[in-house]
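Report on one structure; see the data block that follows.
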Amino acid sequence: MTDGPAVQYRVSFGKKDEAVEGPDDAALVISIPAAGASTDPAVAFMSGRLKADGHTGLLLGVLKSGVAADTIRRLATR
């Protein structure tokens with residue numbers, strides 16, 4: 001895990017069925033349906049499939065670094 005503000009990732013498979021990674025008090029919460037997990041997260045964000053609640057600068061950082069893509073893909077494969 002990196003130093004700095006924490007990020008929580010949520011990949012939803014259906015109603016009340018989601019994979020979650022990260023602390024509940026995270027500075028940024030990223031949510032995406034599992035069907036959109038294969039899409040580049042930046043594209044998913046721009047098209048409205050990926051939702052983010054919290055620090056926008058942190059969001060742009062994890063999208064650019066590739067950390068979001070890696071984590072989302074891992075959570076989407078169970």
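How things are named: the first chain in the structure tokens is A, the next is B, and so on; residues count from 1 in each chain; ligands count from 1 in the order shown.
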Assign secondary structure with DSSP using the backbone only, and return the residues of segment 41-72 of chain A in strand (DSSP E or B) as a PDB file with C-alpha atoms, in the first residue's frame.
```
ATOM      1  CA  LYS A  51     -18.260   6.627  -9.958  1.00  0.00           C
ATOM      2  CA  ALA A  52     -15.934   8.401  -7.575  1.00  0.00           C
ATOM      3  CA  ASP A  53     -16.758  10.050  -4.279  1.00  0.00           C
ATOM      4  CA  GLY A  54     -14.075  12.098  -2.606  1.00  0.00           C
TER       5      GLY A  54
END
```
If you run DSSP on the backbone, which residues of chain A are alpha helix (DSSP H), as a list in words?
Pro41, Ala42, Val43, Ala44, Phe45, Met46, Thr56, Gly57, Leu58, Leu59, Leu60, Gly61, Val62, Leu63, Lys64, Ser65, Val67, Ala68, Ala69, Asp70, Thr71, Ile72, Arg73, Arg74, Leu75 and Ala76 of chain A
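Going from atom CA of Met46 of chain A over to atom CA of Gly14 of chain A, you cover 22.2 Å.
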Between atom CA of Lys64 of chain A and atom CA of Ile30 of chain A, what distance in Å does the model show, to one decimal?
14.3 Å
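We find atom CA of Ser47 of chain A and atom CA of Glu21 of chain A to be spaced 23.1 Å apart.
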Given the choices A:Leu50, A:Val7, A:Leu63, A:Asp25, which gets closest to Ala37 of chain A if the distance is worked out from only C-alpha atoms?
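Using only C-alpha atoms, the shortest distance to Ala37 of chain A belongs to A:Leu50.
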Which of these residues is nearest to Ala19 of chain A, using only C-alpha atoms: A:Ser38, A:Ser31, A:Thr56, A:Ser65?
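Distance minimum relative to Ala19 of chain A lands on A:Ser31.
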Spatial neighbours of segment 9-11 of chain A, max dist 12 Å, only C-alpha atoms, sep filter under 4 positions, as a PyMOL selection string:
chain A and resi 15-38+41+49-53+59+62+67-78
